[in-house]
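Down below is the structure, laid out as structure tokens.
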Amino acid sequence: MAPVNIILLGPPGVGKSTQATLLGKRYPLITLSTGNILRAEVAAETPLGLQAKAAMESGRLVGDDLIIALVRSRLEQLPRDHGFLLDGFPRTAAQAAALDEMLRELHRPLTVVVQPILEHDEVVRRMSSRRECRSCNAPHTVRPEQPLTRCPSCGGELFQRLDDTPEVILKRLAVYEEQTSPLAAYYQKASLLAPVDGHGAPQEVAMRMISTIELQRLQRRTEPAKQVRTINA
Ligand code: AMP
């Protein structure tokens, strides 16, 4: 079967990067997390990192042109026998339109847009208790009764992202509502959107996602996704 090409669409804190790791074990795909790529660029103080830093720290979005060029260059290098999983992209109508065009040029049609669903309070709770590993980027949840300072997977140092502070969390969620959530309707019109219950243990959520992906994959074989050219944000 053709490789699977997935978008994970959902607010920060809904569990996208945890699910990206689990889905990466199930399918031959390359995960492109624009947030992870940008954080590495900021840490290395590259020109891109320097341009992105201020927006990231305040919870705003980095400019569309920068992000679109970044994703394009990564997708162009993707091995033919691998699919892709996009975590954190697209986030605006302009990014979604640019992605459609890129994928048409590259002959890599989307299989499905998986949308994990969680209520707002749970998203805020998860974001406030999450830590990330400096070595392997894996996300972890800390609980007051079980303080973690080292990554259980690789032993690396865990840290709280600067943009996971309460004020920036609220800003990021507001930006999501305003600029990214309209994309759900866009992908719904293209018959690509698949909402999935985001509650429960990561493995449980991953099983739901895999069932959904398999279903969409079968449908895509008989009926290609529709093209949608306008976004009614
Ligand atoms: P994330 O780890 O996906 O929550 O991304 C962290 C930050 O990186 C965001 O709050 C934005 O400032 C920036 N960022 C990541 N992906 C994008 C994108 N597709 N468009 C614009 N900014 C992005």
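Just remember, in the structure tokens the first chain shown is A, the second B, etc., residues are 1-based per chain, and ligands are 1-based in the order shown.
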Within 7 Å of ligand 1, which residues show up when you count only C-alpha atoms and all ligand atoms? List them as a compact mmCIF listing (two decimals) with C-alpha atoms, in the first residue's frame, please.
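Final output, selection23.txt:
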# COMPACT_ATOMS: atom_id res chain seq x y z
CA PRO A 12 -0.89 22.72 21.76
CA SER A 33 7.36 18.85 13.92
CA THR A 34 7.74 22.51 13.04
CA GLY A 35 7.92 23.39 16.76
CA ASN A 36 10.83 20.96 17.34
CA LEU A 38 12.26 25.78 15.25
CA ALA A 55 7.34 35.09 18.25
CA MET A 56 7.81 31.68 19.84
CA GLU A 57 8.55 33.01 23.31
CA GLY A 59 3.14 32.48 21.93
CA ARG A 60 2.60 34.10 18.53
CA LEU A 61 3.06 32.35 15.21
CA VAL A 62 6.23 32.60 13.16
CA GLY A 63 5.69 34.13 9.69
CA ASP A 64 4.02 31.96 7.05
CA ILE A 67 7.50 28.12 7.85
CA ASP A 87 2.85 17.95 13.79
CA GLY A 88 2.19 21.68 14.20
CA PHE A 89 1.76 22.46 10.49
CA PRO A 90 -0.35 23.85 8.86
CA ARG A 91 -1.47 26.46 11.40
CA ARG A 172 -1.11 30.09 22.34
Could you please write out, as a PyMOL selection string, every residue of range 141-221 of chain A that DSSP assigns to alpha helix (DSSP H)? chain A and resi 166-175+183-189+202-221
For the strand (DSSP E or B) assignment from backbone DSSP, which residues of range 1-231 of chain A qualify? Please present them as a PDB file with N, CA and C atoms, in the first residue's frame.
ATOM      1  N   ASN A   5       0.232   9.566   4.695  1.00  0.00           N
ATOM      2  CA  ASN A   5       0.601  10.981   4.861  1.00  0.00           C
ATOM      3  C   ASN A   5      -0.437  11.626   5.767  1.00  0.00           C
ATOM      4  N   ILE A   6       0.026  12.031   6.964  1.00  0.00           N
ATOM      5  CA  ILE A   6      -0.918  12.421   8.011  1.00  0.00           C
ATOM      6  C   ILE A   6      -0.649  13.846   8.491  1.00  0.00           C
ATOM      7  N   ILE A   7      -1.720  14.580   8.763  1.00  0.00           N
ATOM      8  CA  ILE A   7      -1.609  15.821   9.545  1.00  0.00           C
ATOM      9  C   ILE A   7      -2.232  15.537  10.899  1.00  0.00           C
ATOM     10  N   LEU A   8      -1.554  15.937  11.981  1.00  0.00           N
ATOM     11  CA  LEU A   8      -2.181  15.932  13.307  1.00  0.00           C
ATOM     12  C   LEU A   8      -2.610  17.360  13.574  1.00  0.00           C
ATOM     13  N   LEU A  29       7.125   6.366   8.421  1.00  0.00           N
ATOM     14  CA  LEU A  29       6.909   7.778   8.102  1.00  0.00           C
ATOM     15  C   LEU A  29       7.927   8.651   8.818  1.00  0.00           C
ATOM     16  N   ILE A  30       8.123   9.825   8.261  1.00  0.00           N
ATOM     17  CA  ILE A  30       9.020  10.812   8.858  1.00  0.00           C
ATOM     18  C   ILE A  30       8.125  11.865   9.517  1.00  0.00           C
ATOM     19  N   THR A  31       8.413  12.158  10.788  1.00  0.00           N
ATOM     20  CA  THR A  31       7.633  13.192  11.468  1.00  0.00           C
ATOM     21  C   THR A  31       8.300  14.543  11.267  1.00  0.00           C
ATOM     22  N   LEU A  32       7.509  15.507  10.838  1.00  0.00           N
ATOM     23  CA  LEU A  32       8.008  16.890  10.758  1.00  0.00           C
ATOM     24  C   LEU A  32       7.262  17.696  11.813  1.00  0.00           C
ATOM     25  N   SER A  33       7.952  18.004  12.895  1.00  0.00           N
ATOM     26  CA  SER A  33       7.357  18.850  13.925  1.00  0.00           C
ATOM     27  C   SER A  33       7.973  20.229  13.764  1.00  0.00           C
ATOM     28  N   GLY A  83       6.155   7.801   4.273  1.00  0.00           N
ATOM     29  CA  GLY A  83       5.124   8.825   4.330  1.00  0.00           C
ATOM     30  C   GLY A  83       5.595   9.936   5.259  1.00  0.00           C
ATOM     31  N   PHE A  84       4.667  10.855   5.595  1.00  0.00           N
ATOM     32  CA  PHE A  84       5.044  11.915   6.540  1.00  0.00           C
ATOM     33  C   PHE A  84       3.924  12.132   7.540  1.00  0.00           C
ATOM     34  N   LEU A  85       4.329  12.658   8.669  1.00  0.00           N
ATOM     35  CA  LEU A  85       3.356  13.095   9.672  1.00  0.00           C
ATOM     36  C   LEU A  85       3.700  14.528  10.021  1.00  0.00           C
ATOM     37  N   LEU A  86       2.750  15.417   9.843  1.00  0.00           N
ATOM     38  CA  LEU A  86       2.977  16.836  10.154  1.00  0.00           C
ATOM     39  C   LEU A  86       2.391  17.148  11.523  1.00  0.00           C
ATOM     40  N   ASP A  87       3.259  17.601  12.424  1.00  0.00           N
ATOM     41  CA  ASP A  87       2.851  17.948  13.791  1.00  0.00           C
ATOM     42  C   ASP A  87       3.102  19.447  13.957  1.00  0.00           C
ATOM     43  N   VAL A 112      -5.033  11.449   5.602  1.00  0.00           N
ATOM     44  CA  VAL A 112      -6.021  11.819   6.614  1.00  0.00           C
ATOM     45  C   VAL A 112      -5.497  12.961   7.488  1.00  0.00           C
ATOM     46  N   VAL A 113      -6.430  13.743   8.007  1.00  0.00           N
ATOM     47  CA  VAL A 113      -6.103  14.779   8.993  1.00  0.00           C
ATOM     48  C   VAL A 113      -6.727  14.312  10.314  1.00  0.00           C
ATOM     49  N   VAL A 114      -5.899  13.862  11.221  1.00  0.00           N
ATOM     50  CA  VAL A 114      -6.395  13.328  12.490  1.00  0.00           C
ATOM     51  C   VAL A 114      -6.484  14.472  13.498  1.00  0.00           C
ATOM     52  N   GLN A 115      -7.660  14.582  14.124  1.00  0.00           N
ATOM     53  CA  GLN A 115      -7.893  15.699  15.049  1.00  0.00           C
ATOM     54  C   GLN A 115      -8.221  15.147  16.443  1.00  0.00           C
ATOM     55  N   PRO A 116      -7.208  15.073  17.321  1.00  0.00           N
ATOM     56  CA  PRO A 116      -7.501  14.615  18.690  1.00  0.00           C
ATOM     57  C   PRO A 116      -8.351  15.653  19.417  1.00  0.00           C
ATOM     58  N   ILE A 117      -9.390  15.183  20.122  1.00  0.00           N
ATOM     59  CA  ILE A 117     -10.323  16.105  20.774  1.00  0.00           C
ATOM     60  C   ILE A 117     -10.213  15.973  22.296  1.00  0.00           C
ATOM     61  N   ARG A 130       3.664  19.570  31.507  1.00  0.00           N
ATOM     62  CA  ARG A 130       4.552  18.844  30.598  1.00  0.00           C
ATOM     63  C   ARG A 130       5.986  19.358  30.648  1.00  0.00           C
ATOM     64  N   ARG A 131       6.889  18.428  30.453  1.00  0.00           N
ATOM     65  CA  ARG A 131       8.315  18.733  30.389  1.00  0.00           C
ATOM     66  C   ARG A 131       8.857  18.050  29.137  1.00  0.00           C
ATOM     67  N   GLU A 132       9.980  18.580  28.646  1.00  0.00           N
ATOM     68  CA  GLU A 132      10.539  18.012  27.421  1.00  0.00           C
ATOM     69  C   GLU A 132      11.993  17.615  27.680  1.00  0.00           C
ATOM     70  N   CYS A 133      12.435  16.567  26.986  1.00  0.00           N
ATOM     71  CA  CYS A 133      13.815  16.097  27.179  1.00  0.00           C
ATOM     72  C   CYS A 133      14.750  16.895  26.269  1.00  0.00           C
ATOM     73  N   PRO A 139       8.296  14.236  24.953  1.00  0.00           N
ATOM     74  CA  PRO A 139       7.505  14.955  25.950  1.00  0.00           C
ATOM     75  C   PRO A 139       7.173  14.030  27.131  1.00  0.00           C
ATOM     76  N   HIS A 140       7.138  14.577  28.346  1.00  0.00           N
ATOM     77  CA  HIS A 140       6.756  13.793  29.528  1.00  0.00           C
ATOM     78  C   HIS A 140       5.842  14.634  30.400  1.00  0.00           C
ATOM     79  N   THR A 141       5.001  13.924  31.181  1.00  0.00           N
ATOM     80  CA  THR A 141       4.096  14.623  32.089  1.00  0.00           C
ATOM     81  C   THR A 141       4.614  14.444  33.502  1.00  0.00           C
ATOM     82  N   ARG A 143       3.902  14.803  37.614  1.00  0.00           N
ATOM     83  CA  ARG A 143       2.816  14.901  38.596  1.00  0.00           C
ATOM     84  C   ARG A 143       3.447  15.302  39.913  1.00  0.00           C
ATOM     85  N   GLN A 146       5.082  12.657  41.725  1.00  0.00           N
ATOM     86  CA  GLN A 146       6.138  11.908  41.046  1.00  0.00           C
ATOM     87  C   GLN A 146       7.021  12.883  40.269  1.00  0.00           C
ATOM     88  N   ARG A 150      14.749  13.647  35.120  1.00  0.00           N
ATOM     89  CA  ARG A 150      15.482  13.010  34.018  1.00  0.00           C
ATOM     90  C   ARG A 150      14.516  12.279  33.096  1.00  0.00           C
ATOM     91  N   GLU A 157      18.194  15.541  30.388  1.00  0.00           N
ATOM     92  CA  GLU A 157      17.627  16.499  31.345  1.00  0.00           C
ATOM     93  C   GLU A 157      16.229  16.953  30.877  1.00  0.00           C
ATOM     94  N   LEU A 158      15.268  16.989  31.807  1.00  0.00           N
ATOM     95  CA  LEU A 158      13.932  17.473  31.455  1.00  0.00           C
ATOM     96  C   LEU A 158      13.825  18.955  31.782  1.00  0.00           C
ATOM     97  N   PHE A 159      13.124  19.693  30.942  1.00  0.00           N
ATOM     98  CA  PHE A 159      12.946  21.115  31.213  1.00  0.00           C
ATOM     99  C   PHE A 159      11.533  21.545  30.826  1.00  0.00           C
ATOM    100  N   LEU A 193     -10.988  15.028   7.227  1.00  0.00           N
ATOM    101  CA  LEU A 193     -10.915  15.232   8.680  1.00  0.00           C
ATOM    102  C   LEU A 193     -11.443  14.022   9.451  1.00  0.00           C
ATOM    103  N   ALA A 194     -10.659  13.590  10.446  1.00  0.00           N
ATOM    104  CA  ALA A 194     -11.081  12.463  11.272  1.00  0.00           C
ATOM    105  C   ALA A 194     -10.888  12.822  12.750  1.00  0.00           C
ATOM    106  N   PRO A 195     -11.946  13.291  13.434  1.00  0.00           N
ATOM    107  CA  PRO A 195     -11.821  13.580  14.864  1.00  0.00           C
ATOM    108  C   PRO A 195     -11.680  12.278  15.656  1.00  0.00           C
ATOM    109  N   VAL A 196     -10.806  12.326  16.680  1.00  0.00           N
ATOM    110  CA  VAL A 196     -10.548  11.132  17.501  1.00  0.00           C
ATOM    111  C   VAL A 196     -10.573  11.563  18.965  1.00  0.00           C
ATOM    112  N   ASP A 197     -11.222  10.786  19.812  1.00  0.00           N
ATOM    113  CA  ASP A 197     -11.261  11.074  21.249  1.00  0.00           C
ATOM    114  C   ASP A 197      -9.824  11.063  21.805  1.00  0.00           C
TER     115      ASP A 197
END
Need the shell around range 108-110 of chain A: protein/DNA/RNA residues with any atom at most 12 Å away, counting only C-alpha atoms. Skip same-chain ones fewer than 5 positions apart. Format as a PyMOL selection string? chain A and resi 2-8+75-76+78-86+96+99-103+187+190-193+213+216-217+220-221+224-227
Range 203-205 of chain A: which residues within 10 Å, counting only C-alpha atoms, same-chain residues fewer than 5 positions away excluded, as an mmCIF file with all heavy atoms, in the first residue's frame?
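Wrote it out as part09.cif, contents follow:
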data_model
loop_
_atom_site.group_PDB
_atom_site.id
_atom_site.type_symbol
_atom_site.label_atom_id
_atom_site.label_comp_id
_atom_site.auth_asym_id
_atom_site.auth_seq_id
_atom_site.Cartn_x
_atom_site.Cartn_y
_atom_site.Cartn_z
ATOM 1 N N GLY A 15 -1.565 16.459 22.860
ATOM 2 C CA GLY A 15 -0.864 15.165 22.796
ATOM 3 C C GLY A 15 -0.335 14.832 21.411
ATOM 4 O O GLY A 15 -0.032 13.671 21.125
ATOM 5 N N THR A 18 3.328 13.210 21.397
ATOM 6 C CA THR A 18 3.315 11.840 21.950
ATOM 7 C C THR A 18 2.742 10.887 20.901
ATOM 8 O O THR A 18 3.287 9.810 20.643
ATOM 9 C CB THR A 18 2.419 11.803 23.219
ATOM 10 O OG1 THR A 18 2.946 12.734 24.144
ATOM 11 C CG2 THR A 18 2.364 10.424 23.830
ATOM 12 N N GLN A 19 1.664 11.299 20.268
ATOM 13 C CA GLN A 19 1.034 10.431 19.267
ATOM 14 C C GLN A 19 1.922 10.308 18.028
ATOM 15 O O GLN A 19 1.964 9.244 17.407
ATOM 16 C CB GLN A 19 -0.351 10.965 18.887
ATOM 17 C CG GLN A 19 -1.364 10.847 20.003
ATOM 18 C CD GLN A 19 -1.469 9.416 20.553
ATOM 19 O OE1 GLN A 19 -1.455 8.449 19.800
ATOM 20 N NE2 GLN A 19 -1.556 9.279 21.860
ATOM 21 N N LEU A 22 4.294 7.525 18.696
ATOM 22 C CA LEU A 22 3.673 6.199 18.648
ATOM 23 C C LEU A 22 3.316 5.809 17.209
ATOM 24 O O LEU A 22 3.538 4.669 16.797
ATOM 25 C CB LEU A 22 2.424 6.164 19.539
ATOM 26 C CG LEU A 22 2.719 6.329 21.047
ATOM 27 C CD1 LEU A 22 1.431 6.466 21.838
ATOM 28 C CD2 LEU A 22 3.534 5.142 21.561
ATOM 29 N N LEU A 23 2.803 6.753 16.451
ATOM 30 C CA LEU A 23 2.432 6.432 15.060
ATOM 31 C C LEU A 23 3.686 6.159 14.217
ATOM 32 O O LEU A 23 3.664 5.352 13.297
ATOM 33 C CB LEU A 23 1.605 7.572 14.439
ATOM 34 C CG LEU A 23 0.226 7.786 15.082
ATOM 35 C CD1 LEU A 23 -0.469 9.011 14.485
ATOM 36 C CD2 LEU A 23 -0.667 6.552 14.919
ATOM 37 N N PRO A 116 -7.208 15.073 17.321
ATOM 38 C CA PRO A 116 -7.501 14.615 18.690
ATOM 39 C C PRO A 116 -8.351 15.653 19.417
ATOM 40 O O PRO A 116 -8.073 16.842 19.326
ATOM 41 C CB PRO A 116 -6.129 14.471 19.347
ATOM 42 C CG PRO A 116 -5.143 15.060 18.412
ATOM 43 C CD PRO A 116 -5.806 15.432 17.134
ATOM 44 N N VAL A 196 -10.806 12.326 16.680
ATOM 45 C CA VAL A 196 -10.548 11.132 17.501
ATOM 46 C C VAL A 196 -10.573 11.563 18.965
ATOM 47 O O VAL A 196 -9.980 12.596 19.313
ATOM 48 C CB VAL A 196 -9.154 10.536 17.150
ATOM 49 C CG1 VAL A 196 -8.721 9.485 18.147
ATOM 50 C CG2 VAL A 196 -9.163 9.945 15.749
ATOM 51 N N ASP A 197 -11.222 10.786 19.812
ATOM 52 C CA ASP A 197 -11.261 11.074 21.249
ATOM 53 C C ASP A 197 -9.824 11.063 21.805
ATOM 54 O O ASP A 197 -9.116 10.067 21.684
ATOM 55 C CB ASP A 197 -12.133 9.994 21.917
ATOM 56 C CG ASP A 197 -12.229 10.168 23.421
ATOM 57 O OD1 ASP A 197 -11.650 11.140 23.964
ATOM 58 O OD2 ASP A 197 -12.887 9.319 24.057
ATOM 59 N N GLY A 198 -9.400 12.179 22.422
ATOM 60 C CA GLY A 198 -8.021 12.300 22.907
ATOM 61 C C GLY A 198 -7.846 11.909 24.362
ATOM 62 O O GLY A 198 -6.746 12.038 24.906
ATOM 63 N N ILE A 210 -4.970 4.756 14.890
ATOM 64 C CA ILE A 210 -4.573 3.768 13.872
ATOM 65 C C ILE A 210 -5.823 3.198 13.178
ATOM 66 O O ILE A 210 -5.852 3.063 11.953
ATOM 67 C CB ILE A 210 -3.693 2.659 14.505
ATOM 68 C CG1 ILE A 210 -2.328 3.267 14.868
ATOM 69 C CG2 ILE A 210 -3.522 1.467 13.562
ATOM 70 C CD1 ILE A 210 -1.470 2.418 15.780
#
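Using only C-alpha atoms, the shortest contact distance between Arg125 in chain A and any of A:Ala206, A:Val14, A:Leu48, A:Ala174 is found at A:Val14.
Across the model, the gap from CA of Ile169 in chain A to CA of Leu66 in chain A is 22.8 Å.
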Contacts of Met127 in chain A at 7 Å or less, counting only C-alpha atoms, minus same-chain residues fewer than 3 places along, as a ChimeraX atom specification? /A:13,123-124,130,164
